[in-house]
$ cat entry-v8.csv   # CSV, C-alpha atoms and all ligand atoms
chain,number,residue,atom,x,y,z
A,1,MET,CA,-7.7,-32.9,-18.6
A,2,SER,CA,-4.2,-33.5,-20.1
A,3,ALA,CA,-1.4,-34.8,-17.9
A,4,SER,CA,0.6,-31.7,-18.5
A,5,LEU,CA,-2.3,-29.5,-17.3
A,6,SER,CA,-3.2,-31.7,-14.3
A,7,HIS,CA,0.3,-31.7,-12.9
A,8,GLN,CA,0.1,-27.9,-12.6
A,9,LEU,CA,-3.0,-28.1,-10.5
A,10,LYS,CA,-2.8,-27.2,-6.8
A,11,ARG,CA,-5.0,-29.0,-4.3
A,12,VAL,CA,-6.7,-26.6,-1.9
A,13,PHE,CA,-8.8,-27.2,1.2
A,14,VAL,CA,-11.3,-24.4,2.0
A,15,TYR,CA,-13.1,-24.2,5.4
A,16,GLY,CA,-14.5,-20.7,5.4
A,17,THR,CA,-16.0,-18.1,3.2
A,18,LEU,CA,-14.8,-20.0,0.0
A,19,LYS,CA,-17.0,-23.0,0.6
A,20,ARG,CA,-20.1,-23.6,-1.4
A,21,ASN,CA,-23.0,-21.2,-0.3
A,22,GLU,CA,-20.6,-19.0,1.6
A,23,PRO,CA,-19.9,-15.3,0.7
A,24,ASN,CA,-16.6,-15.8,-1.3
A,25,HIS,CA,-17.5,-19.0,-3.2
A,26,HIS,CA,-17.9,-16.9,-6.3
A,27,TRP,CA,-14.1,-16.5,-6.4
A,28,LEU,CA,-13.8,-20.2,-7.2
A,29,THR,CA,-16.5,-20.2,-9.8
A,30,ASN,CA,-15.6,-17.0,-11.6
A,31,LYS,CA,-14.0,-18.2,-14.9
A,32,GLU,CA,-12.0,-15.0,-15.1
A,33,ASN,CA,-10.1,-16.2,-12.0
A,34,GLY,CA,-9.0,-19.5,-13.7
A,35,VAL,CA,-10.1,-23.1,-13.2
A,36,SER,CA,-11.4,-24.9,-10.1
A,37,ARG,CA,-12.7,-28.4,-9.8
A,38,PHE,CA,-14.5,-29.7,-6.8
A,39,VAL,CA,-12.8,-32.9,-5.5
A,40,ALA,CA,-14.5,-33.9,-2.3
A,41,LYS,CA,-15.6,-32.8,1.2
A,42,GLY,CA,-13.1,-33.5,3.9
A,43,SER,CA,-11.7,-32.6,7.3
A,44,THR,CA,-8.3,-31.9,8.7
A,45,LEU,CA,-6.5,-34.9,10.0
A,46,ILE,CA,-5.0,-32.7,12.8
A,47,LYS,CA,-7.2,-30.6,15.1
A,48,PHE,CA,-7.0,-26.8,14.7
A,49,PRO,CA,-8.7,-23.9,16.5
A,50,LEU,CA,-11.2,-22.3,14.1
A,51,VAL,CA,-12.7,-19.1,15.4
A,52,ILE,CA,-14.7,-16.2,14.1
A,53,GLY,CA,-12.8,-13.0,14.6
A,54,THR,CA,-12.9,-9.3,14.2
A,55,ARG,CA,-15.9,-7.1,13.8
A,56,TYR,CA,-16.2,-8.4,10.2
A,57,ASN,CA,-16.8,-12.0,11.3
A,58,ILE,CA,-13.9,-13.5,9.4
A,59,PRO,CA,-13.2,-17.2,9.9
A,60,PHE,CA,-9.6,-17.8,11.2
A,61,LEU,CA,-7.9,-21.1,11.4
A,62,LEU,CA,-5.2,-20.5,14.0
A,63,ASN,CA,-1.8,-22.1,13.8
A,64,LYS,CA,-2.1,-24.2,17.0
A,65,PRO,CA,-2.3,-27.8,15.8
A,66,GLY,CA,-3.8,-30.2,18.3
A,67,VAL,CA,-6.2,-27.7,19.8
A,68,GLY,CA,-9.9,-27.5,18.8
A,69,HIS,CA,-11.6,-29.8,16.3
A,70,HIS,CA,-11.0,-31.6,13.0
A,71,ILE,CA,-12.1,-28.8,10.6
A,72,GLU,CA,-14.7,-29.5,8.0
A,73,GLY,CA,-14.4,-28.1,4.5
A,74,GLU,CA,-14.1,-28.8,0.8
A,75,ILE,CA,-11.2,-29.8,-1.5
A,76,TYR,CA,-10.7,-28.2,-4.9
A,77,ASP,CA,-8.1,-28.6,-7.6
A,78,VAL,CA,-7.2,-25.2,-9.0
A,79,ASP,CA,-4.9,-24.0,-11.7
A,80,GLU,CA,-2.0,-21.5,-11.1
A,81,LEU,CA,-4.1,-18.5,-12.0
A,82,MET,CA,-6.9,-19.5,-9.5
A,83,PHE,CA,-4.3,-20.2,-6.9
A,84,SER,CA,-2.8,-16.7,-7.3
A,85,LYS,CA,-6.3,-15.2,-7.1
A,86,LEU,CA,-7.0,-17.1,-3.8
A,87,ASP,CA,-3.7,-15.7,-2.5
A,88,GLU,CA,-4.9,-12.2,-3.4
A,89,LEU,CA,-8.2,-12.7,-1.6
A,90,GLU,CA,-6.5,-14.0,1.5
A,91,GLU,CA,-3.8,-11.4,1.3
A,92,TYR,CA,-1.1,-14.0,1.4
A,93,PRO,CA,1.5,-13.7,3.0
A,94,ASN,CA,0.6,-10.5,4.9
A,95,TYR,CA,-2.7,-11.6,6.4
A,96,TYR,CA,-3.3,-15.4,6.0
A,97,ASP,CA,-0.3,-17.6,5.6
A,98,ARG,CA,-0.8,-21.1,3.9
A,99,GLU,CA,0.7,-24.5,4.3
A,100,GLN,CA,0.0,-28.1,3.2
A,101,GLN,CA,-2.0,-30.3,5.6
A,102,THR,CA,-3.5,-33.8,5.3
A,103,ILE,CA,-7.2,-33.8,4.6
A,104,VAL,CA,-9.3,-36.9,5.1
A,105,THR,CA,-12.4,-37.3,2.8
A,106,GLU,CA,-15.7,-38.9,3.7
A,107,GLN,CA,-14.5,-42.0,1.7
A,108,ASN,CA,-11.4,-42.1,3.9
A,109,ASN,CA,-9.0,-41.0,1.2
A,110,GLN,CA,-6.1,-38.7,2.4
A,111,PHE,CA,-4.9,-35.8,0.3
A,112,GLN,CA,-2.2,-33.2,0.9
A,113,CYS,CA,-3.9,-29.8,0.4
A,114,TRP,CA,-3.0,-26.2,0.8
A,115,LEU,CA,-5.0,-24.3,3.5
A,116,TYR,CA,-4.9,-20.8,4.7
A,117,LEU,CA,-4.2,-20.1,8.3
A,118,ILE,CA,-3.2,-17.3,10.7
A,119,ARG,CA,0.2,-17.8,12.0
A,120,LYS,CA,0.5,-14.7,14.3
A,121,TYR,CA,-2.6,-13.8,16.4
A,122,PRO,CA,-3.5,-12.4,19.8
A,123,GLU,CA,-3.7,-15.3,22.3
A,124,ARG,CA,-7.2,-14.2,23.4
A,125,LEU,CA,-8.6,-15.4,20.1
A,126,LEU,CA,-8.2,-18.9,21.5
A,127,GLU,CA,-10.8,-18.1,24.2
A,128,LYS,CA,-13.5,-17.7,21.5
A,129,PRO,CA,-15.8,-20.7,20.7
A,130,LEU,CA,-13.8,-23.2,18.8
A,131,LEU,CA,-15.8,-24.3,15.7
A,132,SER,CA,-15.5,-27.5,13.6
A,133,SER,CA,-17.4,-25.9,10.7
A,134,TYR,CA,-17.9,-22.3,9.5
A,135,HIS,CA,-21.2,-20.9,8.3
A,136,ASN,CA,-22.0,-17.3,7.6
A,137,THR,CA,-25.2,-16.2,9.4
A,138,GLU,CA,-27.3,-13.1,9.5
A,139,GLU,CA,-26.5,-12.6,13.2
A,140,GLN,CA,-22.8,-12.9,12.4
A,141,ALA,CA,-22.6,-11.6,8.9
A,142,TYR,CA,-19.3,-11.6,7.1
A,143,SER,CA,-18.2,-8.2,5.6
A,144,GLU,CA,-16.3,-8.1,2.3
A,145,ARG,CA,-13.2,-6.1,2.2
A,146,SER,CA,-14.8,-3.4,0.2
A,147,VAL,CA,-17.0,-2.4,3.2
A,148,ARG,CA,-14.3,-2.6,5.8
A,149,ASP,CA,-12.5,0.4,7.2
A,150,PRO,CA,-10.0,1.3,4.6
A,151,SER,CA,-7.9,3.4,7.0
A,152,LEU,CA,-6.7,0.3,8.7
A,153,PRO,CA,-4.4,-2.3,7.3
A,154,ALA,CA,-6.2,-5.7,7.0
A,155,LYS,CA,-4.1,-7.3,9.6
A,156,ALA,CA,-5.0,-4.7,12.2
A,157,ASP,CA,-8.5,-6.2,12.3
A,158,LEU,CA,-7.1,-9.2,14.3
A,159,ASN,CA,-6.9,-6.8,17.2
A,160,TYR,CA,-10.6,-6.0,17.3
A,201,LIG,N1,-11.4,-18.1,3.2
A,201,LIG,C1,-10.5,-19.2,3.2
A,201,LIG,C2,-9.7,-19.1,4.4
A,201,LIG,C3,-10.6,-18.4,5.3
A,201,LIG,C4,-11.7,-17.8,4.4
A,201,LIG,O1,-12.6,-17.2,4.8
A,201,LIG,C5,-11.3,-20.5,3.2
A,201,LIG,O2,-12.5,-20.5,3.0
A,201,LIG,O3,-10.7,-21.6,3.4

$ encode --input "entry-v8.csv" --output "structure tokens"
Amino acid sequence: MSASLSHQLKRVFVYGTLKRNEPNHHWLTNKENGVSRFVAKGSTLIKFPLVIGTRYNIPFLLNKPGVGHHIEGEIYDVDELMFSKLDELEEYPNYYDREQQTIVTEQNNQFQCWLYLIRKYPERLLEKPLLSSYHNTEEQAYSERSVRDPSLPAKADLNY
């Protein structure tokens, strides 16, 4: 990759449905969405609460650093187009917000990566089981937006 291209890449950490073998991974591999390149597996340097919320089983990383676990996920380099597509999927900034956090790889390298998180949430979400790693399962199946209740704004789901 040329230097001029690589400096435009954004480094993103995914911990939820965007991971390999999870329901939204196809967003990262769809060439029409732009370019993504797997970098490494890693986990957050800081602990965060990761819960599964709403009746649609959506993974939420809540903005309460220090609470919960070091969250496991995958690092990708993405181009500007892919980054904008991920923002679209996560409905940034209306649903998920994003910020840069330090991610530690299994080889003990540290990278600054963008991750999506929920900044405003009902406190009772913190009473749910705090996960270190997300996996979609049949018992708790994730629902894509297309099958969700269209009469409610996405953010309203945080209250269910
Ligand atoms: N997608 C993003 C944030 C939560 C989700 O399901 C991710 O996988 O990191």

$ residues_around --input "entry-v8.csv" --residues "range 23-25 of chain A" --least-positions-apart "3" --cutoff "12 Å" --atoms "only C-alpha atoms" --output "PyMOL selection string"
chain A and resi 14-20+28-30+33+36+38+57-59+74+76+85-86+89-90+134-138+141-145

$ atom_distance --input "entry-v8.csv" --atom1 "CA of Gly53 in chain A" --atom2 "atom C3 of ligand LIG 201 (chain A)"
11.0 Å

$ closest_residue --input "entry-v8.csv" --among "A:Val67, A:Leu126, A:Ile118, A:Ile75" --to "Ser43 in chain A" --atoms "all atoms listed in the file"
A:Ile75

$ residues_around --input "entry-v8.csv" --residues "Val104 in chain A" --least-positions-apart "5" --cutoff "8 Å" --atoms "all atoms listed in the file" --output "ChimeraX atom specification"
/A:42-45,109-111

$ closest_residue --input "entry-v8.csv" --among "A:Glu88, A:Asn21, A:Gln8, A:Phe60" --to "ligand LIG 201 (chain A)" --atoms "all atoms listed in the file"
A:Phe60

$ atom_distance --input "entry-v8.csv" --atom1 "CA of Gly66 in chain A" --atom2 "CA of Gln140 in chain A"
26.4 Å

$ closest_residue --input "entry-v8.csv" --among "A:Leu62, A:Val39, A:Leu125, A:Leu115" --to "ligand LIG 201 (chain A)" --atoms "only C-alpha atoms and all ligand atoms"
A:Leu115

$ closest_residue --input "entry-v8.csv" --among "A:Val35, A:Ile103, A:Ile52, A:Leu81" --to "ligand LIG 201 (chain A)" --atoms "only C-alpha atoms and all ligand atoms"
A:Ile52

$ atom_distance --input "entry-v8.csv" --atom1 "CA of Asn94 in chain A" --atom2 "CA of Lys41 in chain A"
27.8 Å

$ closest_residue --input "entry-v8.csv" --among "A:Asp79, A:Asn63, A:Tyr92, A:Glu99" --to "Lys120 in chain A" --atoms "all atoms listed in the file"
A:Asn63

$ residues_around --input "entry-v8.csv" --residues "Lys10 in chain A" --least-positions-apart "5" --cutoff "8 Å" --atoms "only C-alpha atoms" --output "PyMOL selection string"
chain A and resi 77-80+83+113-114

$ closest_residue --input "entry-v8.csv" --among "A:Arg124, A:Ser84, A:Gly73, A:Thr102" --to "Ile46 in chain A" --atoms "all atoms listed in the file"
A:Thr102
